[in-house]
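Shown next: my_file38.pdb, given as PDB, C-alpha atoms and all ligand atoms.
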ATOM      1  CA  MET A  22     -97.172-123.959 -34.232
ATOM      2  CA  THR A  23     -97.472-127.539 -35.480
ATOM      3  CA  GLU A  24     -99.730-127.949 -38.492
ATOM      4  CA  HIS A  25    -103.262-129.062 -37.549
ATOM      5  CA  ALA A  26    -102.667-128.422 -33.830
ATOM      6  CA  LYS A  27    -105.910-127.567 -32.037
ATOM      7  CA  ILE A  28    -104.057-126.274 -29.002
ATOM      8  CA  SER A  29    -100.488-125.136 -29.174
ATOM      9  CA  LEU A  30     -98.244-123.603 -26.529
ATOM     10  CA  ASN A  31     -94.989-122.199 -27.776
ATOM     11  CA  ASN A  32     -92.236-121.216 -25.299
ATOM     12  CA  VAL A  33     -94.740-119.998 -22.726
ATOM     13  CA  CYS A  34     -93.156-118.312 -19.677
ATOM     14  CA  LYS A  35     -95.018-117.255 -16.542
ATOM     15  CA  SER A  36     -93.500-116.016 -13.287
ATOM     16  CA  PHE A  37     -94.840-114.742  -9.998
ATOM     17  CA  GLY A  38     -92.286-112.279  -8.682
ATOM     18  CA  ARG A  39     -88.947-114.101  -8.823
ATOM     19  CA  LYS A  40     -90.566-117.515  -9.054
ATOM     20  CA  HIS A  41     -90.463-118.865 -12.620
ATOM     21  CA  VAL A  42     -93.406-121.250 -12.855
ATOM     22  CA  LEU A  43     -93.603-121.894 -16.617
ATOM     23  CA  ASN A  44     -90.244-122.056 -18.374
ATOM     24  CA  ASN A  45     -90.531-122.043 -22.166
ATOM     25  CA  LEU A  46     -93.342-124.580 -21.992
ATOM     26  CA  THR A  47     -94.023-125.997 -25.444
ATOM     27  CA  LEU A  48     -96.791-128.501 -26.185
ATOM     28  CA  ASP A  49     -99.284-129.322 -28.950
ATOM     29  CA  VAL A  50    -102.603-131.135 -29.047
ATOM     30  CA  LYS A  51    -103.490-132.265 -32.554
ATOM     31  CA  ALA A  52    -106.997-132.582 -33.981
ATOM     32  CA  GLY A  53    -108.878-135.443 -32.312
ATOM     33  CA  GLU A  54    -106.000-136.155 -29.960
ATOM     34  CA  SER A  55    -106.097-136.645 -26.179
ATOM     35  CA  VAL A  56    -103.031-135.281 -24.390
ATOM     36  CA  VAL A  57    -102.653-135.668 -20.636
ATOM     37  CA  VAL A  58    -100.192-133.477 -18.754
ATOM     38  CA  ILE A  59     -98.938-135.148 -15.602
ATOM     39  CA  GLY A  60     -96.559-133.868 -12.963
ATOM     40  CA  GLY A  61     -96.156-133.462  -9.235
ATOM     41  CA  SER A  62     -97.680-130.798  -7.066
ATOM     42  CA  GLY A  63     -96.554-127.280  -7.817
ATOM     43  CA  THR A  64     -94.969-128.083 -11.204
ATOM     44  CA  GLY A  65     -97.175-125.586 -13.057
ATOM     45  CA  LYS A  66    -100.039-127.666 -14.475
ATOM     46  CA  SER A  67    -102.820-125.396 -13.211
ATOM     47  CA  VAL A  68    -100.894-122.261 -14.142
ATOM     48  CA  MET A  69    -100.567-123.661 -17.686
ATOM     49  CA  LEU A  70    -104.328-124.267 -17.881
ATOM     50  CA  LYS A  71    -105.086-120.806 -16.474
ATOM     51  CA  CYS A  72    -102.831-119.246 -19.132
ATOM     52  CA  ILE A  73    -104.764-121.118 -21.852
ATOM     53  CA  LEU A  74    -108.108-120.029 -20.379
ATOM     54  CA  GLY A  75    -106.932-116.413 -20.184
ATOM     55  CA  LEU A  76    -107.158-116.293 -16.371
ATOM     56  CA  LEU A  77    -103.404-115.565 -16.241
ATOM     57  CA  THR A  78    -101.274-113.784 -18.833
ATOM     58  CA  PRO A  79     -97.855-115.216 -19.701
ATOM     59  CA  GLU A  80     -94.904-112.806 -19.914
ATOM     60  CA  SER A  81     -93.789-114.346 -23.176
ATOM     61  CA  GLY A  82     -94.617-117.098 -25.620
ATOM     62  CA  GLU A  83     -97.681-117.833 -27.703
ATOM     63  CA  ILE A  84    -100.810-119.874 -27.150
ATOM     64  CA  TYR A  85    -102.889-120.894 -30.174
ATOM     65  CA  ILE A  86    -106.446-122.193 -29.963
ATOM     66  CA  ASP A  87    -107.520-123.666 -33.285
ATOM     67  CA  GLY A  88    -104.810-121.637 -35.022
ATOM     68  CA  LYS A  89    -105.596-118.299 -33.360
ATOM     69  CA  GLN A  90    -102.973-116.762 -31.097
ATOM     70  CA  ILE A  91    -104.734-115.627 -27.899
ATOM     71  CA  VAL A  92    -102.032-114.169 -25.611
ATOM     72  CA  GLY A  93    -102.536-110.421 -25.359
ATOM     73  CA  LEU A  94    -105.833-110.406 -27.276
ATOM     74  CA  PRO A  95    -108.670-108.225 -25.954
ATOM     75  CA  ALA A  96    -110.957-110.282 -23.676
ATOM     76  CA  SER A  97    -113.832-110.289 -26.185
ATOM     77  CA  GLU A  98    -111.682-111.842 -28.939
ATOM     78  CA  ARG A  99    -110.117-114.355 -26.561
ATOM     79  CA  GLU A 100    -113.565-115.343 -25.315
ATOM     80  CA  ALA A 101    -114.717-115.914 -28.896
ATOM     81  CA  SER A 102    -111.935-118.503 -29.306
ATOM     82  CA  LEU A 103    -112.725-120.086 -25.955
ATOM     83  CA  ARG A 104    -116.398-120.426 -26.910
ATOM     84  CA  LYS A 105    -115.459-123.444 -29.022
ATOM     85  CA  THR A 106    -114.064-125.167 -25.930
ATOM     86  CA  GLY A 107    -115.603-127.090 -23.024
ATOM     87  CA  MET A 108    -114.202-127.608 -19.555
ATOM     88  CA  LEU A 109    -114.637-130.097 -16.728
ATOM     89  CA  PHE A 110    -113.424-128.549 -13.473
ATOM     90  CA  GLN A 111    -111.719-130.472 -10.685
ATOM     91  CA  TYR A 112    -114.719-130.570  -8.363
ATOM     92  CA  ALA A 113    -117.293-130.305 -11.179
ATOM     93  CA  ALA A 114    -118.030-126.714  -9.973
ATOM     94  CA  LEU A 115    -121.784-126.923 -10.458
ATOM     95  CA  PHE A 116    -124.148-124.118  -9.499
ATOM     96  CA  ASP A 117    -126.175-125.309  -6.522
ATOM     97  CA  SER A 118    -128.833-122.681  -7.201
ATOM     98  CA  LEU A 119    -129.674-124.272 -10.581
ATOM     99  CA  PRO A 120    -131.183-127.696 -11.315
ATOM    100  CA  VAL A 121    -128.992-130.281 -13.037
ATOM    101  CA  TRP A 122    -130.395-129.656 -16.531
ATOM    102  CA  GLU A 123    -129.731-125.926 -16.289
ATOM    103  CA  ASN A 124    -126.159-126.523 -15.180
ATOM    104  CA  VAL A 125    -125.662-128.648 -18.291
ATOM    105  CA  ALA A 126    -127.462-126.124 -20.512
ATOM    106  CA  PHE A 127    -125.771-123.045 -19.042
ATOM    107  CA  GLY A 128    -123.338-122.436 -21.919
ATOM    108  CA  LEU A 129    -125.985-123.213 -24.542
ATOM    109  CA  ILE A 130    -128.294-120.542 -23.113
ATOM    110  CA  GLN A 131    -125.734-117.933 -22.008
ATOM    111  CA  ALA A 132    -123.007-118.128 -24.645
ATOM    112  CA  HIS A 133    -124.892-119.586 -27.602
ATOM    113  CA  GLY A 134    -128.292-117.920 -27.055
ATOM    114  CA  MET A 135    -130.305-121.160 -27.341
ATOM    115  CA  LYS A 136    -134.003-121.134 -26.304
ATOM    116  CA  ARG A 137    -134.445-122.601 -22.807
ATOM    117  CA  SER A 138    -136.793-125.385 -23.943
ATOM    118  CA  ASP A 139    -134.392-126.476 -26.706
ATOM    119  CA  ALA A 140    -131.433-126.243 -24.345
ATOM    120  CA  ARG A 141    -133.271-128.475 -21.863
ATOM    121  CA  ASP A 142    -133.749-131.130 -24.574
ATOM    122  CA  VAL A 143    -130.031-131.015 -25.425
ATOM    123  CA  ALA A 144    -129.142-131.220 -21.713
ATOM    124  CA  ILE A 145    -131.268-134.366 -21.305
ATOM    125  CA  GLU A 146    -129.625-135.915 -24.363
ATOM    126  CA  LYS A 147    -126.132-135.156 -22.970
ATOM    127  CA  LEU A 148    -127.087-136.467 -19.524
ATOM    128  CA  ALA A 149    -128.078-139.746 -21.222
ATOM    129  CA  LEU A 150    -124.606-139.931 -22.820
ATOM    130  CA  VAL A 151    -123.036-139.886 -19.357
ATOM    131  CA  GLY A 152    -125.477-142.478 -18.008
ATOM    132  CA  LEU A 153    -127.956-140.187 -16.212
ATOM    133  CA  GLY A 154    -131.682-140.505 -16.896
ATOM    134  CA  PRO A 155    -134.203-137.678 -17.421
ATOM    135  CA  ASP A 156    -135.308-138.075 -13.777
ATOM    136  CA  MET A 157    -132.010-136.363 -12.861
ATOM    137  CA  ALA A 158    -132.819-133.202 -14.801
ATOM    138  CA  ASN A 159    -134.700-131.378 -12.039
ATOM    139  CA  ARG A 160    -132.559-132.570  -9.148
ATOM    140  CA  ASN A 161    -130.363-130.159  -7.259
ATOM    141  CA  PRO A 162    -126.579-130.823  -7.646
ATOM    142  CA  SER A 163    -126.128-130.841  -3.848
ATOM    143  CA  GLU A 164    -128.326-133.984  -3.685
ATOM    144  CA  LEU A 165    -125.911-135.920  -5.903
ATOM    145  CA  SER A 166    -122.845-138.001  -5.061
ATOM    146  CA  ILE A 167    -119.435-136.675  -6.171
ATOM    147  CA  GLY A 168    -119.340-139.285  -8.969
ATOM    148  CA  MET A 169    -122.739-138.138 -10.260
ATOM    149  CA  GLN A 170    -121.668-134.493 -10.029
ATOM    150  CA  LYS A 171    -118.652-135.353 -12.177
ATOM    151  CA  ARG A 172    -120.995-136.929 -14.740
ATOM    152  CA  VAL A 173    -123.101-133.752 -14.763
ATOM    153  CA  GLY A 174    -119.879-131.711 -15.148
ATOM    154  CA  LEU A 175    -118.915-133.916 -18.095
ATOM    155  CA  ALA A 176    -122.369-133.500 -19.672
ATOM    156  CA  ARG A 177    -121.918-129.733 -19.310
ATOM    157  CA  ALA A 178    -118.412-129.876 -20.833
ATOM    158  CA  ILE A 179    -119.751-131.622 -23.953
ATOM    159  CA  ALA A 180    -123.094-129.756 -24.146
ATOM    160  CA  THR A 181    -122.072-127.435 -26.978
ATOM    161  CA  ASN A 182    -120.307-130.229 -28.921
ATOM    162  CA  PRO A 183    -116.983-128.429 -28.436
ATOM    163  CA  GLU A 184    -114.017-129.172 -30.669
ATOM    164  CA  ILE A 185    -111.659-128.759 -27.705
ATOM    165  CA  ILE A 186    -112.210-129.892 -24.107
ATOM    166  CA  PHE A 187    -110.103-129.244 -21.019
ATOM    167  CA  PHE A 188    -110.190-131.603 -18.033
ATOM    168  CA  ASP A 189    -108.776-130.484 -14.708
ATOM    169  CA  GLU A 190    -107.921-133.484 -12.504
ATOM    170  CA  PRO A 191    -111.044-135.394 -13.604
ATOM    171  CA  THR A 192    -110.653-138.295 -11.161
ATOM    172  CA  THR A 193    -109.487-136.411  -8.064
ATOM    173  CA  GLY A 194    -111.717-137.183  -5.079
ATOM    174  CA  LEU A 195    -113.230-140.323  -6.636
ATOM    175  CA  ASP A 196    -112.775-143.895  -5.494
ATOM    176  CA  PRO A 197    -110.854-146.086  -8.000
ATOM    177  CA  ILE A 198    -114.010-147.688  -9.433
ATOM    178  CA  MET A 199    -115.812-144.391  -9.981
ATOM    179  CA  GLY A 200    -112.528-142.968 -11.318
ATOM    180  CA  ASP A 201    -112.492-145.762 -13.893
ATOM    181  CA  VAL A 202    -116.133-145.090 -14.843
ATOM    182  CA  ILE A 203    -115.364-141.386 -15.380
ATOM    183  CA  ASP A 204    -112.191-142.172 -17.381
ATOM    184  CA  ASN A 205    -114.192-144.477 -19.666
ATOM    185  CA  LEU A 206    -116.909-141.854 -20.095
ATOM    186  CA  ILE A 207    -114.326-139.188 -20.906
ATOM    187  CA  ARG A 208    -112.734-141.446 -23.506
ATOM    188  CA  ASP A 209    -116.029-142.492 -25.094
ATOM    189  CA  CYS A 210    -117.677-139.047 -25.094
ATOM    190  CA  THR A 211    -114.661-137.241 -26.499
ATOM    191  CA  ARG A 212    -114.117-139.887 -29.205
ATOM    192  CA  HIS A 213    -117.822-139.729 -30.085
ATOM    193  CA  LEU A 214    -117.437-135.953 -30.562
ATOM    194  CA  GLY A 215    -114.031-136.201 -32.270
ATOM    195  CA  ALA A 216    -112.855-133.559 -29.782
ATOM    196  CA  SER A 217    -109.258-132.669 -28.995
ATOM    197  CA  THR A 218    -108.637-132.819 -25.270
ATOM    198  CA  LEU A 219    -106.051-131.526 -22.851
ATOM    199  CA  THR A 220    -106.203-133.003 -19.361
ATOM    200  CA  ILE A 221    -104.136-132.223 -16.300
ATOM    201  CA  SER A 222    -103.688-135.012 -13.803
ATOM    202  CA  HIS A 223    -101.560-136.484 -11.021
ATOM    203  CA  ASP A 224    -102.893-139.907 -11.757
ATOM    204  CA  MET A 225    -100.738-142.125 -13.988
ATOM    205  CA  GLU A 226    -103.315-144.913 -14.300
ATOM    206  CA  SER A 227    -106.018-142.499 -15.363
ATOM    207  CA  ALA A 228    -103.591-140.777 -17.774
ATOM    208  CA  GLN A 229    -102.750-144.095 -19.431
ATOM    209  CA  LYS A 230    -106.443-144.833 -19.911
ATOM    210  CA  ILE A 231    -107.460-141.600 -21.557
ATOM    211  CA  ALA A 232    -104.311-140.315 -23.277
ATOM    212  CA  ASP A 233    -103.003-140.798 -26.780
ATOM    213  CA  ARG A 234     -99.915-138.916 -25.642
ATOM    214  CA  ILE A 235     -98.673-138.053 -22.167
ATOM    215  CA  ALA A 236     -96.458-135.080 -21.285
ATOM    216  CA  LEU A 237     -94.585-134.954 -17.987
ATOM    217  CA  ILE A 238     -93.912-131.487 -16.710
ATOM    218  CA  TYR A 239     -91.379-130.599 -14.083
ATOM    219  CA  LYS A 240     -90.547-127.063 -12.976
ATOM    220  CA  GLY A 241     -92.727-125.656 -15.726
ATOM    221  CA  GLU A 242     -91.024-127.502 -18.587
ATOM    222  CA  VAL A 243     -92.031-130.562 -20.583
ATOM    223  CA  VAL A 244     -89.323-133.083 -19.657
ATOM    224  CA  TRP A 245     -90.879-135.951 -21.652
ATOM    225  CA  VAL A 246     -93.711-136.293 -24.133
ATOM    226  CA  GLY A 247     -94.652-139.432 -26.029
ATOM    227  CA  PRO A 248     -97.283-142.076 -26.749
ATOM    228  CA  ALA A 249     -99.126-143.262 -23.621
ATOM    229  CA  ASP A 250     -98.183-146.900 -24.231
ATOM    230  CA  GLU A 251     -94.464-146.027 -24.258
ATOM    231  CA  ILE A 252     -94.316-144.239 -20.944
ATOM    232  CA  GLU A 253     -93.450-147.268 -18.833
ATOM    233  CA  HIS A 254     -90.431-148.196 -20.966
ATOM    234  CA  CYS A 255     -89.262-144.818 -22.220
ATOM    235  CA  GLY A 256     -86.059-144.780 -20.174
ATOM    236  CA  ASN A 257     -86.475-141.125 -19.188
ATOM    237  CA  PRO A 258     -85.202-140.724 -15.598
ATOM    238  CA  TYR A 259     -87.894-138.136 -14.695
ATOM    239  CA  VAL A 260     -90.659-140.413 -15.987
ATOM    240  CA  GLU A 261     -89.193-143.474 -14.269
ATOM    241  CA  GLN A 262     -89.088-141.654 -10.936
ATOM    242  CA  PHE A 263     -92.627-140.301 -11.351
ATOM    243  CA  VAL A 264     -94.025-143.704 -12.378
ATOM    244  CA  ARG A 265     -92.288-145.474  -9.481
ATOM    245  CA  GLY A 266     -93.240-142.699  -7.055
ATOM    246  CA  ASP A 267     -89.652-142.864  -5.854
ATOM    247  CA  ILE A 268     -88.011-140.269  -3.679
ATOM    248  CA  LYS A 269     -84.639-140.864  -5.424
ATOM    249  CA  GLY A 270     -84.027-139.367  -8.867
ATOM    250  CA  PRO A 271     -83.801-136.081 -10.725
ATOM    251  CA  ILE A 272     -87.166-134.807  -9.399
ATOM    252  CA  GLU A 273     -86.542-132.797  -6.235
ATOM    253  CA  LEU A 274     -89.309-132.246  -3.731
ATOM    254  CA  ASP A 275     -89.266-128.651  -2.465
ATOM    255  CA  ILE A 276     -90.376-129.908   0.920
ATOM    256  CA  LEU A 277     -87.176-131.963   1.320
ATOM    257  CA  LYS A 278     -84.846-129.052   0.596
ATOM    258  CA  PRO A 279     -82.892-127.811   3.634
TER     259      PRO A 279
HETATM  260  N1  LIG A 301    -101.489-116.554  -8.343
HETATM  261  C1  LIG A 301    -100.323-117.034  -7.917
HETATM  262  N2  LIG A 301     -99.451-116.247  -7.254
HETATM  263  C2  LIG A 301     -98.248-116.729  -6.846
HETATM  264  N3  LIG A 301     -97.821-117.985  -7.052
HETATM  265  C3  LIG A 301     -98.653-118.814  -7.687
HETATM  266  C4  LIG A 301     -99.949-118.389  -8.165
HETATM  267  N4  LIG A 301    -100.546-119.447  -8.792
HETATM  268  C5  LIG A 301     -99.671-120.475  -8.704
HETATM  269  N5  LIG A 301     -98.543-120.094  -8.054
HETATM  270  C6  LIG A 301     -97.372-120.955  -7.792
HETATM  271  O1  LIG A 301     -97.002-121.585  -8.989
HETATM  272  C7  LIG A 301     -96.523-122.909  -8.749
HETATM  273  C8  LIG A 301     -97.237-123.877  -9.652
HETATM  274  O2  LIG A 301     -98.599-123.970  -9.210
HETATM  275  P1  LIG A 301     -99.689-124.869  -9.945
HETATM  276  O3  LIG A 301    -100.959-124.612  -9.215
HETATM  277  O4  LIG A 301     -99.666-124.636 -11.407
HETATM  278  O5  LIG A 301     -99.160-126.324  -9.635
HETATM  279  P2  LIG A 301     -99.806-127.706 -10.084
HETATM  280  O6  LIG A 301     -98.770-128.412 -10.897
HETATM  281  O7  LIG A 301    -101.133-127.492 -10.702
HETATM  282  O8  LIG A 301     -99.953-128.405  -8.660
HETATM  283  P3  LIG A 301    -101.158-129.281  -8.045
HETATM  284  O9  LIG A 301    -101.070-130.579  -8.774
HETATM  285  O10 LIG A 301    -100.789-129.410  -6.604
HETATM  286  O11 LIG A 301    -102.435-128.552  -8.277
HETATM  287  C9  LIG A 301     -96.718-123.161  -7.265
HETATM  288  O12 LIG A 301     -95.488-122.959  -6.601
HETATM  289  C10 LIG A 301     -97.711-122.110  -6.843
HETATM  290  O13 LIG A 301     -97.512-121.733  -5.509
END
Here is a file; write its structure as structure tokens.
Ligand SMILES: Nc1ncnc2c1ncn2[C@@H]1O[C@H](COP(=O)(O)OP(=O)(O)OP(=O)(O)O)[C@@H](O)[C@H]1O
Amino acid sequence: MTEHAKISLNNVCKSFGRKHVLNNLTLDVKAGESVVVIGGSGTGKSVMLKCILGLLTPESGEIYIDGKQIVGLPASEREASLRKTGMLFQYAALFDSLPVWENVAFGLIQAHGMKRSDARDVAIEKLALVGLGPDMANRNPSELSIGMQKRVGLARAIATNPEIIFFDEPTTGLDPIMGDVIDNLIRDCTRHLGASTLTISHDMESAQKIADRIALIYKGEVVWVGPADEIEHCGNPYVEQFVRGDIKGPIELDILKP
């Protein structure tokens, strides 16, 4: 594990039957750093995130969260490490049965035992950080646009002031302008908190906006990792093909195989 890494994956392998999805995947996120993992469909990005969140168990390798190795730990100990993290899911994944403020305050009340009235105050403060006024607090999530739901999801992800935040395809399903708004909010909110973030994305433009470093994964391996502003001129053939969106190059599409 790299010194000061907040998240560290070391030679992580995960297969389903004979299909090797993660192949010795190694990646670090340092304190205060934003790392975006990009890659095509089916390259293992979600499986990587599920291994970190303990929803899948790798066959081998180690995963450290803030220095603590979590693979193979009993659920209660793993959950204790994950309590210092926040997460924004792909489609915000809000509870329709709860008003907006309670969605934001959910972790504060359930995992941190905060009094409901205090948690509501924190929720309103976090909603303000993502540009939503107190009039939103009692609304039902199903009344909101997708962009607003993403903002609520972001407010929830930062509600506990987590040191580590995971973002799963944060701009998927948004128009380019709303995508840009969400990218800016992600960048500003996470910098404001000093959080370390790991984001998975298909979207190069979004990755370049929010990342300090970008990692490209292909067939469950990191084939390039480097500073976001170097990606366009790095000379790596996998990156060049991905950036150009070209069919020709070392990246094979399963769908084109005979
Ligand atoms: N529970 C599972 N059982 C069997 N195979 C799985 C399971 N979960 C994922 N896979 C396979 O693992 C591979 C990687 O999937 P993953 O969802 O990580 O891709 P991804 O890079 O996140 O793609 P996308 O960007 O399309 O979401 C795929 O071939 C997928 O079918």
### Task
List the neighbours of A:Gly63 out to 10 Å using only C-alpha atoms; skip same-chain residues closer than 3 positions along the sequence, and give me the result as a PyMOL selection string.
chain A and resi 42+60+66-68+239-241+274-275
Enclose stretch 75-90 of chain A, meaning all of its atoms listed in the file, in a box aligned along x, y and z, pad it by 3 Å on each side, and list the centre and edge lengths in Å to one decimal, as lines of an AutoDock Vina configuration file.
center_x = -100.7
center_y = -118.2
center_z = -25.6
size_x = 19.7
size_y = 16.9
size_z = 24.8
### Task
Kindly compile the residues surrounding ligand LIG 301 (chain A) within 10 Å, counting only C-alpha atoms and all ligand atoms, and format them as JSON, numbers by chain.
{"A": [35, 36, 37, 38, 39, 40, 41, 42, 43, 58, 59, 60, 61, 62, 63, 64, 65, 66, 67, 68, 69, 70, 71, 72, 76, 77, 111, 189, 190, 221, 222, 223, 224, 238, 239, 240, 241, 275]}
#### Entry: atom CA of A:Gly82 to atom CA of A:Ile28, distance in Å rounded to a single decimal
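According to the coordinates, atom CA of A:Gly82 and atom CA of A:Ile28 are separated by 13.6 Å.
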### Task
Kindly give the distance, in Å, that separates atom CA of A:Lys147 and atom CA of A:Val173, rounded to a single decimal.
8.9 Å
### Message
When you count all atoms listed in the file, which of these residues is closest to A:Ala96: A:Pro191, A:Gly75, A:Gly128, A:Gly134?
### Response
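Looking only at the distances to A:Ala96, the closest residue turns out to be A:Gly75.
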Please write as a PDB file with C-alpha atoms, in the frame of the given file the full residue list that the PyMOL selection byres (((chain A and resi 153-160) around 12) and not hetatm) yields on this file.
ATOM      1  CA  PHE A 116    -124.148-124.118  -9.499  1.00  0.00           C
ATOM      2  CA  ASP A 117    -126.175-125.309  -6.522  1.00  0.00           C
ATOM      3  CA  SER A 118    -128.833-122.681  -7.201  1.00  0.00           C
ATOM      4  CA  LEU A 119    -129.674-124.272 -10.581  1.00  0.00           C
ATOM      5  CA  PRO A 120    -131.183-127.696 -11.315  1.00  0.00           C
ATOM      6  CA  VAL A 121    -128.992-130.281 -13.037  1.00  0.00           C
ATOM      7  CA  TRP A 122    -130.395-129.656 -16.531  1.00  0.00           C
ATOM      8  CA  GLU A 123    -129.731-125.926 -16.289  1.00  0.00           C
ATOM      9  CA  ASN A 124    -126.159-126.523 -15.180  1.00  0.00           C
ATOM     10  CA  VAL A 125    -125.662-128.648 -18.291  1.00  0.00           C
ATOM     11  CA  ALA A 126    -127.462-126.124 -20.512  1.00  0.00           C
ATOM     12  CA  ALA A 140    -131.433-126.243 -24.345  1.00  0.00           C
ATOM     13  CA  ARG A 141    -133.271-128.475 -21.863  1.00  0.00           C
ATOM     14  CA  ASP A 142    -133.749-131.130 -24.574  1.00  0.00           C
ATOM     15  CA  VAL A 143    -130.031-131.015 -25.425  1.00  0.00           C
ATOM     16  CA  ALA A 144    -129.142-131.220 -21.713  1.00  0.00           C
ATOM     17  CA  ILE A 145    -131.268-134.366 -21.305  1.00  0.00           C
ATOM     18  CA  GLU A 146    -129.625-135.915 -24.363  1.00  0.00           C
ATOM     19  CA  LYS A 147    -126.132-135.156 -22.970  1.00  0.00           C
ATOM     20  CA  LEU A 148    -127.087-136.467 -19.524  1.00  0.00           C
ATOM     21  CA  ALA A 149    -128.078-139.746 -21.222  1.00  0.00           C
ATOM     22  CA  LEU A 150    -124.606-139.931 -22.820  1.00  0.00           C
ATOM     23  CA  VAL A 151    -123.036-139.886 -19.357  1.00  0.00           C
ATOM     24  CA  GLY A 152    -125.477-142.478 -18.008  1.00  0.00           C
ATOM     25  CA  ASN A 161    -130.363-130.159  -7.259  1.00  0.00           C
ATOM     26  CA  PRO A 162    -126.579-130.823  -7.646  1.00  0.00           C
ATOM     27  CA  SER A 163    -126.128-130.841  -3.848  1.00  0.00           C
ATOM     28  CA  GLU A 164    -128.326-133.984  -3.685  1.00  0.00           C
ATOM     29  CA  LEU A 165    -125.911-135.920  -5.903  1.00  0.00           C
ATOM     30  CA  SER A 166    -122.845-138.001  -5.061  1.00  0.00           C
ATOM     31  CA  GLY A 168    -119.340-139.285  -8.969  1.00  0.00           C
ATOM     32  CA  MET A 169    -122.739-138.138 -10.260  1.00  0.00           C
ATOM     33  CA  GLN A 170    -121.668-134.493 -10.029  1.00  0.00           C
ATOM     34  CA  LYS A 171    -118.652-135.353 -12.177  1.00  0.00           C
ATOM     35  CA  ARG A 172    -120.995-136.929 -14.740  1.00  0.00           C
ATOM     36  CA  VAL A 173    -123.101-133.752 -14.763  1.00  0.00           C
ATOM     37  CA  GLY A 174    -119.879-131.711 -15.148  1.00  0.00           C
ATOM     38  CA  LEU A 175    -118.915-133.916 -18.095  1.00  0.00           C
ATOM     39  CA  ALA A 176    -122.369-133.500 -19.672  1.00  0.00           C
ATOM     40  CA  LEU A 206    -116.909-141.854 -20.095  1.00  0.00           C
TER      41      LEU A 206
END
### Message
Suppose a student applies the PyMOL selection byres (((chain A and resi 262-268) around 12) and not hetatm) to this structure; what residues should they get, written as an NGL selection string?
### Response
:A and (59-62 or 223-226 or 228-229 or 236-239 or 244-245 or 252-261 or 269-277)
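The residue set within 6 Å of A:Thr220, counting all atoms listed in the file and dropping same-chain residues fewer than 5 places from it, reads Val57, Phe187, Phe188 and Asp189 of chain A.
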Please return stretch 62-73 of chain A, rebuilt to N, CA and C atoms, as a short mmCIF file (atom, residue, chain, number, x, y, z; two decimals), in the frame of the given file.
data_model
loop_
_atom_site.label_atom_id
_atom_site.label_comp_id
_atom_site.auth_asym_id
_atom_site.auth_seq_id
_atom_site.Cartn_x
_atom_site.Cartn_y
_atom_site.Cartn_z
N SER A 62 -97.08 -132.02 -7.59
CA SER A 62 -97.68 -130.80 -7.07
C SER A 62 -96.75 -129.62 -7.28
N GLY A 63 -97.33 -128.52 -7.71
CA GLY A 63 -96.55 -127.28 -7.82
C GLY A 63 -95.66 -127.20 -9.04
N THR A 64 -95.85 -128.11 -10.03
CA THR A 64 -94.97 -128.08 -11.20
C THR A 64 -95.48 -127.13 -12.29
N GLY A 65 -96.69 -126.59 -12.11
CA GLY A 65 -97.18 -125.59 -13.06
C GLY A 65 -98.34 -126.02 -13.93
N LYS A 66 -98.95 -127.16 -13.62
CA LYS A 66 -100.04 -127.67 -14.48
C LYS A 66 -101.23 -126.71 -14.48
N SER A 67 -101.65 -126.29 -13.28
CA SER A 67 -102.82 -125.40 -13.21
C SER A 67 -102.50 -124.03 -13.80
N VAL A 68 -101.28 -123.57 -13.58
CA VAL A 68 -100.89 -122.26 -14.14
C VAL A 68 -100.94 -122.34 -15.67
N MET A 69 -100.50 -123.47 -16.23
CA MET A 69 -100.57 -123.66 -17.69
C MET A 69 -102.02 -123.56 -18.17
N LEU A 70 -102.92 -124.27 -17.47
CA LEU A 70 -104.33 -124.27 -17.88
C LEU A 70 -104.92 -122.86 -17.75
N LYS A 71 -104.56 -122.17 -16.66
CA LYS A 71 -105.09 -120.81 -16.47
C LYS A 71 -104.57 -119.86 -17.57
N CYS A 72 -103.34 -120.08 -18.03
CA CYS A 72 -102.83 -119.25 -19.13
C CYS A 72 -103.64 -119.51 -20.41
N ILE A 73 -103.98 -120.78 -20.65
CA ILE A 73 -104.76 -121.12 -21.85
C ILE A 73 -106.16 -120.50 -21.75
#
